[in-house]
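Q: I'm passing along entry.pdb; it holds PDB, C-alpha atoms.
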```
ATOM      1  CA  MET A   1       0.000   0.000   0.000
ATOM      2  CA  LYS A   2       3.056   2.214   0.291
ATOM      3  CA  ASP A   3       2.771   3.390  -3.316
ATOM      4  CA  LYS A   4      -1.013   3.555  -3.325
ATOM      5  CA  HIS A   5      -2.801   6.631  -2.008
ATOM      6  CA  ILE A   6      -4.807   5.949   1.112
ATOM      7  CA  ILE A   7      -7.396   8.711   0.844
ATOM      8  CA  GLU A   8     -10.062   6.309  -0.343
ATOM      9  CA  VAL A   9      -9.318   3.948   2.530
ATOM     10  CA  ILE A  10      -9.719   6.619   5.180
ATOM     11  CA  ASP A  11     -12.928   7.878   3.585
ATOM     12  CA  ASN A  12     -14.350   4.399   3.265
ATOM     13  CA  VAL A  13     -14.033   3.231   6.871
ATOM     14  CA  ALA A  14     -14.060   5.007  10.222
ATOM     15  CA  LEU A  15     -10.482   5.269  11.496
ATOM     16  CA  ALA A  16     -11.497   3.443  14.669
ATOM     17  CA  ASN A  17     -12.615   0.494  12.572
ATOM     18  CA  LEU A  18      -9.289   0.088  10.721
ATOM     19  CA  SER A  19      -7.340  -2.980  11.764
ATOM     20  CA  GLN A  20      -3.877  -2.511  13.296
ATOM     21  CA  THR A  21      -2.234  -3.668  10.052
ATOM     22  CA  GLU A  22      -4.328  -1.291   7.924
ATOM     23  CA  LEU A  23      -3.570   1.570  10.276
ATOM     24  CA  GLU A  24       0.167   0.903  10.107
ATOM     25  CA  GLU A  25       0.034   0.837   6.304
ATOM     26  CA  VAL A  26      -1.929   4.090   6.217
ATOM     27  CA  LYS A  27       0.563   5.753   8.558
ATOM     28  CA  GLY A  28       3.478   4.393   6.522
ATOM     29  CA  HIS A  29       2.122   5.841   3.308
ATOM     30  CA  ALA A  30       1.193   9.138   4.965
ATOM     31  CA  ARG A  31       4.805   9.593   6.113
ATOM     32  CA  GLU A  32       5.965   9.618   2.489
ATOM     33  CA  CYS A  33       2.998  11.261   0.700
ATOM     34  CA  GLY A  34       2.215  14.862   1.571
ATOM     35  CA  THR A  35      -1.306  14.817   0.121
ATOM     36  CA  CYS A  36      -2.285  11.686   2.002
ATOM     37  CA  ARG A  37      -0.618  12.960   5.191
ATOM     38  CA  THR A  38      -2.792  16.075   5.134
ATOM     39  CA  ALA A  39      -5.867  13.939   4.450
ATOM     40  CA  PHE A  40      -4.964  11.521   7.261
ATOM     41  CA  GLU A  41      -4.436  14.367   9.733
ATOM     42  CA  ALA A  42      -7.779  15.886   8.773
ATOM     43  CA  ALA A  43      -9.448  12.481   9.115
ATOM     44  CA  GLN A  44      -7.943  12.060  12.597
ATOM     45  CA  VAL A  45      -9.165  15.463  13.749
ATOM     46  CA  SER A  46     -12.588  14.809  12.208
ATOM     47  CA  ALA A  47     -12.813  11.491  14.029
ATOM     48  CA  VAL A  48     -11.975  13.158  17.366
ATOM     49  CA  VAL A  49     -14.483  15.936  16.781
ATOM     50  CA  LEU A  50     -17.244  13.460  15.863
ATOM     51  CA  LYS A  51     -16.501  11.360  18.936
ATOM     52  CA  GLN A  52     -16.782  14.432  21.130
ATOM     53  CA  ARG A  53     -20.048  15.322  19.434
ATOM     54  CA  ALA A  54     -21.471  11.908  20.229
ATOM     55  CA  GLN A  55     -20.281  12.059  23.843
ATOM     56  CA  VAL A  56     -21.569  15.503  24.689
ATOM     57  CA  LYS A  57     -25.088  15.132  25.956
ATOM     58  CA  ILE A  58     -27.421  17.902  25.021
ATOM     59  CA  GLU A  59     -29.291  18.615  28.249
ATOM     60  CA  PRO A  60     -32.723  20.195  27.976
ATOM     61  CA  SER A  61     -33.429  23.335  29.961
ATOM     62  CA  PRO A  62     -34.540  22.723  33.580
ATOM     63  CA  PHE A  63     -38.058  23.848  32.721
ATOM     64  CA  PHE A  64     -38.371  21.574  29.702
ATOM     65  CA  HIS A  65     -39.982  18.700  31.643
ATOM     66  CA  THR A  66     -42.399  21.007  33.428
ATOM     67  CA  LYS A  67     -43.401  22.696  30.187
ATOM     68  CA  VAL A  68     -43.944  19.399  28.366
ATOM     69  CA  LEU A  69     -46.022  17.944  31.216
ATOM     70  CA  ALA A  70     -48.109  21.117  31.455
ATOM     71  CA  ALA A  71     -48.733  21.047  27.699
ATOM     72  CA  LEU A  72     -49.743  17.378  27.883
ATOM     73  CA  ARG A  73     -52.142  18.003  30.772
ATOM     74  CA  GLU A  74     -53.699  20.933  28.930
ATOM     75  CA  ARG A  75     -54.151  18.798  25.838
ATOM     76  CA  GLN A  76     -55.761  15.989  27.848
ATOM     77  CA  THR A  77     -58.146  18.458  29.495
ATOM     78  CA  VAL A  78     -59.190  19.865  26.146
ATOM     79  CA  GLN A  79     -59.794  16.366  24.760
ATOM     80  CA  SER A  80     -61.895  15.291  27.769
ATOM     81  CA  VAL A  81     -64.358  18.201  27.363
ATOM     82  CA  PRO A  82     -67.333  17.147  25.141
ATOM     83  CA  THR A  83     -67.460  18.481  21.623
ATOM     84  CA  PHE A  84     -70.666  20.443  22.244
ATOM     85  CA  VAL A  85     -69.101  22.300  25.191
ATOM     86  CA  ARG A  86     -65.998  23.126  23.152
ATOM     87  CA  LEU A  87     -68.169  24.398  20.289
ATOM     88  CA  TRP A  88     -70.280  26.391  22.730
ATOM     89  CA  LYS A  89     -67.180  27.964  24.243
ATOM     90  CA  SER A  90     -65.967  29.143  20.880
ATOM     91  CA  ALA A  91     -69.393  30.240  19.538
ATOM     92  CA  SER A  92     -71.062  31.489  22.723
ATOM     93  CA  ALA A  93     -70.293  35.151  22.048
ATOM     94  CA  LEU A  94     -71.825  34.998  18.577
ATOM     95  CA  VAL A  95     -74.912  33.064  19.719
ATOM     96  CA  SER A  96     -75.453  35.414  22.683
ATOM     97  CA  SER A  97     -75.287  38.511  20.496
ATOM     98  CA  MET A  98     -77.714  36.934  18.008
ATOM     99  CA  ALA A  99     -80.157  36.074  20.819
ATOM    100  CA  LEU A 100     -79.975  39.617  22.204
ATOM    101  CA  ALA A 101     -80.650  41.079  18.755
ATOM    102  CA  THR A 102     -83.682  38.786  18.327
ATOM    103  CA  ILE A 103     -85.088  39.787  21.743
ATOM    104  CA  ALA A 104     -84.576  43.476  20.954
ATOM    105  CA  LEU A 105     -86.401  43.088  17.644
ATOM    106  CA  ALA A 106     -89.271  41.258  19.356
ATOM    107  CA  VAL A 107     -89.620  44.001  21.971
ATOM    108  CA  LEU A 108     -89.610  46.690  19.288
ATOM    109  CA  THR A 109     -92.186  44.814  17.226
ATOM    110  CA  PHE A 110     -94.710  43.653  19.852
ATOM    111  CA  VAL A 111     -94.375  45.828  22.957
ATOM    112  CA  ILE A 112     -93.693  49.372  21.697
ATOM    113  CA  PRO A 113     -96.521  50.412  19.320
ATOM    114  CA  ASP A 114     -95.746  52.039  16.014
ATOM    115  CA  PRO A 115     -97.427  55.575  15.800
ATOM    116  CA  ALA A 116     -98.625  54.934  12.246
ATOM    117  CA  THR A 117    -100.224  51.672  13.318
ATOM    118  CA  ALA A 118    -101.997  53.383  16.240
ATOM    119  CA  VAL A 119    -103.619  55.966  13.926
ATOM    120  CA  THR A 120    -104.714  53.252  11.544
ATOM    121  CA  GLU A 121    -106.240  51.342  14.443
ATOM    122  CA  GLN A 122    -108.179  54.444  15.569
ATOM    123  CA  VAL A 123    -109.429  55.019  12.055
ATOM    124  CA  ALA A 124    -110.321  51.382  11.772
ATOM    125  CA  SER A 125    -112.267  51.501  15.055
ATOM    126  CA  VAL A 126    -114.255  54.523  13.846
ATOM    127  CA  ASP A 127    -114.874  52.780  10.593
ATOM    128  CA  ALA A 128    -115.911  49.712  12.517
ATOM    129  CA  ALA A 129    -118.517  51.640  14.545
ATOM    130  CA  GLU A 130    -119.966  53.179  11.438
ATOM    131  CA  ALA A 131    -119.886  49.876   9.723
ATOM    132  CA  VAL A 132    -121.895  48.340  12.567
ATOM    133  CA  ILE A 133    -124.423  51.091  12.255
ATOM    134  CA  PHE A 134    -124.642  50.971   8.486
ATOM    135  CA  ASP A 135    -124.654  47.159   8.447
ATOM    136  CA  GLN A 136    -127.804  47.260  10.513
ATOM    137  CA  LEU A 137    -129.224  50.161   8.520
ATOM    138  CA  ASP A 138    -131.361  48.448   5.988
ATOM    139  CA  GLU A 139    -132.777  45.766   8.181
ATOM    140  CA  GLN A 140    -133.203  47.244  11.651
ATOM    141  CA  LEU A 141    -132.867  51.067  11.713
ATOM    142  CA  THR A 142    -134.863  53.756  10.003
ATOM    143  CA  TYR A 143    -133.191  56.878   8.568
ATOM    144  CA  GLU A 144    -134.248  58.980  11.559
ATOM    145  CA  GLN A 145    -132.866  56.416  13.979
ATOM    146  CA  VAL A 146    -129.523  56.422  12.162
ATOM    147  CA  ILE A 147    -129.292  60.225  12.285
ATOM    148  CA  ALA A 148    -130.255  60.205  15.951
ATOM    149  CA  THR A 149    -127.627  57.547  16.745
ATOM    150  CA  ILE A 150    -124.834  59.468  14.989
ATOM    151  CA  TYR A 151    -125.714  62.736  16.656
ATOM    152  CA  ASN A 152    -126.041  61.010  20.023
ATOM    153  CA  GLU A 153    -122.533  59.523  19.627
ATOM    154  CA  GLU A 154    -121.119  62.882  18.669
ATOM    155  CA  ASP A 155    -122.779  64.506  21.703
ATOM    156  CA  GLU A 156    -121.415  61.772  23.962
ATOM    157  CA  ALA A 157    -117.986  62.220  22.485
ATOM    158  CA  ARG A 158    -118.096  65.934  23.318
TER     159      ARG A 158
ATOM    160  CA  MET B   1     -10.462  17.260  56.541
ATOM    161  CA  THR B   2     -10.519  20.761  55.091
ATOM    162  CA  VAL B   3      -8.520  22.601  52.437
ATOM    163  CA  SER B   4      -6.340  24.122  55.157
ATOM    164  CA  ASP B   5      -5.209  20.592  56.119
ATOM    165  CA  LEU B   6      -3.654  20.060  52.675
ATOM    166  CA  SER B   7       0.026  20.682  52.012
ATOM    167  CA  ASP B   8       1.009  23.181  49.342
ATOM    168  CA  ASP B   9       1.899  20.350  46.974
ATOM    169  CA  GLU B  10      -1.428  18.602  47.516
ATOM    170  CA  SER B  11      -3.356  21.815  47.106
ATOM    171  CA  GLY B  12      -1.414  22.648  43.927
ATOM    172  CA  TRP B  13      -2.008  19.164  42.541
ATOM    173  CA  LEU B  14      -5.760  19.458  43.197
ATOM    174  CA  ASP B  15      -5.867  22.858  41.482
ATOM    175  CA  GLN B  16      -4.081  21.400  38.485
ATOM    176  CA  GLN B  17      -6.496  18.452  38.302
ATOM    177  CA  PHE B  18      -9.477  20.758  38.533
ATOM    178  CA  ALA B  19      -8.085  22.993  35.773
ATOM    179  CA  GLU B  20      -7.432  19.969  33.538
ATOM    180  CA  VAL B  21     -10.941  18.595  34.040
ATOM    181  CA  LYS B  22     -12.398  22.028  33.350
ATOM    182  CA  ASP B  23     -10.272  22.414  30.212
ATOM    183  CA  SER B  24     -11.245  18.950  29.074
ATOM    184  CA  VAL B  25     -14.956  19.670  29.486
ATOM    185  CA  GLU B  26     -14.629  23.010  27.716
ATOM    186  CA  ASN B  27     -12.630  21.432  24.893
ATOM    187  CA  SER B  28     -15.262  18.730  24.505
ATOM    188  CA  VAL B  29     -17.964  21.338  24.169
ATOM    189  CA  VAL B  30     -15.905  23.309  21.647
ATOM    190  CA  ALA B  31     -15.191  20.162  19.637
ATOM    191  CA  ALA B  32     -18.855  19.181  19.696
ATOM    192  CA  ASP B  33     -19.802  22.653  18.548
ATOM    193  CA  LEU B  34     -17.331  22.445  15.679
ATOM    194  CA  ALA B  35     -18.715  19.032  14.763
ATOM    195  CA  ASP B  36     -22.214  20.476  14.702
ATOM    196  CA  ARG B  37     -21.110  23.209  12.326
ATOM    197  CA  LEU B  38     -19.419  20.750  10.020
ATOM    198  CA  LEU B  39     -22.341  18.326  10.150
ATOM    199  CA  ALA B  40     -24.762  21.123   9.334
ATOM    200  CA  THR B  41     -23.264  21.282   5.836
ATOM    201  CA  LEU B  42     -24.399  17.693   5.180
ATOM    202  CA  PRO B  43     -27.836  16.330   4.300
ATOM    203  CA  PRO B  44     -29.669  14.989   7.400
ATOM    204  CA  GLU B  45     -29.345  11.355   6.307
ATOM    205  CA  ASP B  46     -25.577  11.698   5.871
ATOM    206  CA  GLN B  47     -25.324  13.312   9.317
ATOM    207  CA  GLN B  48     -27.203  10.451  10.927
ATOM    208  CA  ALA B  49     -25.116   7.752   9.309
ATOM    209  CA  LEU B  50     -21.795   9.434  10.099
ATOM    210  CA  LEU B  51     -22.653  10.256  13.700
ATOM    211  CA  MET B  52     -23.809   6.740  14.424
ATOM    212  CA  ILE B  53     -20.818   5.015  12.795
ATOM    213  CA  ASP B  54     -17.902   7.360  13.527
ATOM    214  CA  GLY B  55     -19.302   8.962  16.684
ATOM    215  CA  GLU B  56     -21.050   6.101  18.414
ATOM    216  CA  ASP B  57     -19.072   3.186  16.934
ATOM    217  CA  ALA B  58     -22.191   1.535  15.502
ATOM    218  CA  SER B  59     -21.694  -1.087  12.819
ATOM    219  CA  ILE B  60     -23.088  -0.767   9.300
ATOM    220  CA  LYS B  61     -25.597  -3.490  10.111
ATOM    221  CA  GLU B  62     -26.760  -1.786  13.310
ATOM    222  CA  VAL B  63     -27.283   1.517  11.512
ATOM    223  CA  ALA B  64     -29.131  -0.215   8.683
ATOM    224  CA  GLU B  65     -31.489  -1.880  11.154
ATOM    225  CA  ALA B  66     -31.995   1.237  13.223
ATOM    226  CA  LEU B  67     -32.770   3.495  10.276
ATOM    227  CA  ARG B  68     -34.407   0.775   8.134
ATOM    228  CA  TRP B  69     -32.002   1.402   5.302
ATOM    229  CA  SER B  70     -30.114  -1.109   3.184
ATOM    230  CA  GLU B  71     -26.505  -1.691   4.217
ATOM    231  CA  SER B  72     -25.359  -0.310   0.845
ATOM    232  CA  LYS B  73     -27.215   2.929   1.540
ATOM    233  CA  VAL B  74     -25.579   3.226   4.943
ATOM    234  CA  LYS B  75     -22.126   2.674   3.430
ATOM    235  CA  VAL B  76     -22.694   5.210   0.652
ATOM    236  CA  ARG B  77     -24.103   7.840   3.019
ATOM    237  CA  ALA B  78     -21.293   7.374   5.531
ATOM    238  CA  PHE B  79     -18.618   7.438   2.797
ATOM    239  CA  ARG B  80     -19.957  10.688   1.306
ATOM    240  CA  ALA B  81     -20.328  12.315   4.694
ATOM    241  CA  ARG B  82     -16.873  11.255   5.898
ATOM    242  CA  LYS B  83     -15.284  12.538   2.685
ATOM    243  CA  LYS B  84     -17.018  15.920   2.929
ATOM    244  CA  ILE B  85     -16.151  16.374   6.587
ATOM    245  CA  ARG B  86     -12.542  15.359   5.962
ATOM    246  CA  GLU B  87     -12.221  17.794   3.046
ATOM    247  CA  ALA B  88     -13.740  20.615   5.095
ATOM    248  CA  MET B  89     -11.361  19.826   7.943
ATOM    249  CA  GLU B  90      -8.396  19.813   5.525
ATOM    250  CA  LYS B  91      -9.313  23.325   4.432
ATOM    251  CA  LEU B  92      -9.608  24.468   8.041
ATOM    252  CA  LEU B  93      -6.271  22.887   8.976
ATOM    253  CA  SER B  94      -4.464  24.298   5.959
ATOM    254  CA  TYR B  95      -5.849  27.754   6.767
ATOM    255  CA  LYS B  96      -4.767  27.418  10.391
ATOM    256  CA  GLY B  97      -1.335  26.162   9.238
ATOM    257  CA  THR B  98      -0.915  29.138   6.927
ATOM    258  CA  THR B  99      -1.995  31.576   9.653
ATOM    259  CA  ALA B 100       0.387  29.992  12.179
ATOM    260  CA  ALA B 101       3.277  30.080   9.667
ATOM    261  CA  GLU B 102       2.558  33.756   8.974
ATOM    262  CA  GLN B 103       2.584  34.524  12.690
ATOM    263  CA  VAL B 104       5.932  32.682  13.126
ATOM    264  CA  SER B 105       7.509  34.574  10.175
ATOM    265  CA  LYS B 106       6.399  37.889  11.703
TER     266      LYS B 106
END
```
Translate this file's structure into structure tokens.

A:
Amino acid sequence: MKDKHIIEVIDNVALANLSQTELEEVKGHARECGTCRTAFEAAQVSAVVLKQRAQVKIEPSPFFHTKVLAALRERQTVQSVPTFVRLWKSASALVSSMALATIALAVLTFVIPDPATAVTEQVASVDAAEAVIFDQLDEQLTYEQVIATIYNEEDEAR
Amino acid sequence: MTVSDLSDDESGWLDQQFAEVKDSVENSVVAADLADRLLATLPPEDQQALLMIDGEDASIKEVAEALRWSESKVKVRAFRARKKIREAMEKLLSYKGTTAAEQVSK
């Protein structure tokens, strides 16, 4: 292997996995070949750096556990609440405002009278009185009785 | 036994040990950080393969089983990753060598 470059060998296998014989051959070649020596040195440093990377444990922050458990509990609570309750929680504001609007409209329509409607009702009631009188006119009342009734009503009204 | 009970030699030796341990831990963190930066230039699959084989001494077969890859895929990924990391490290070392040589010549 002395005359053969060893770059491919050191790229192909982790340095730690080279047998003692292979390692000796690699070192022997690297002593005589500048290019391979540089590559071998870089491979050695890379191997050390990667080992350190694997050994260093990445510790989570002290609050990580607490945060994860709190998030899990919150999620479980949300899942245990029935669907209808969850929907109600999200839509309650909208439904409440719609209900209030409906009640307000009902109050305006049925409780507080419209002035125009009141006049019409008065007119209608007058018409109704006259209608009663004139409905009975032909069959039950004479002309004099009708006149007397109208004048009597007017006098009573005064 | 308190610190005041120690001789000067013993106290000095303890200080030295403490400093070495501290340096070692700091160096490990620095090395790991450098590894992270180098690994970040690789695709995630290459990173996984290289870290498991070169970092954790896993065999090709173990990595293949763990990641559910074929052994050929593991070998190819690890080879590519190792080559890239080695080339990047060569550049870093040659730059450092040049800088050091310049500082010596000054």

Q: On this file, the ChimeraX specification (/A :<10) & /B gives some set of residues; write that set as a count of residues only.

A: 41

Q: If you measure from atom CA of Leu23 of chain A to atom CA of Thr35 of chain A, what distance in Å do you get, rounded to one decimal?

A: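 Interatomic distance, atom CA of Leu23 of chain A to atom CA of Thr35 of chain A: 16.8 Å.
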
Q: Evaluate the PyMOL selection byres ((chain A and resi 27-30) around 10) on the structure here and hand back the selected residues as a list in words.

A: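 In the shown coordinates, the PyMOL selection byres ((chain A and resi 27-30) around 10) covers Met1, Lys2, Asp3, Lys4, His5, Ile6, Ile7, Thr21, Glu22, Leu23, Glu24, Glu25, Val26, Arg31, Glu32, Cys33, Gly34, Thr35, Cys36, Arg37, Thr38, Ala39, Phe40 and Glu41 of chain A.
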
Q: Atom CA of Glu45 of chain B to atom CA of Ser72 of chain B: how many Å, to one decimal?

A: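 Pair atom CA of Glu45 of chain B / atom CA of Ser72 of chain B returns 13.5 Å.
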
Q: Can you measure atom CA of Leu105 of chain A to atom CA of Val85 of chain A for me? One decimal in Å is fine.

A: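 Spanning atom CA of Leu105 of chain A to atom CA of Val85 of chain A is a straight-line distance of 28.1 Å.
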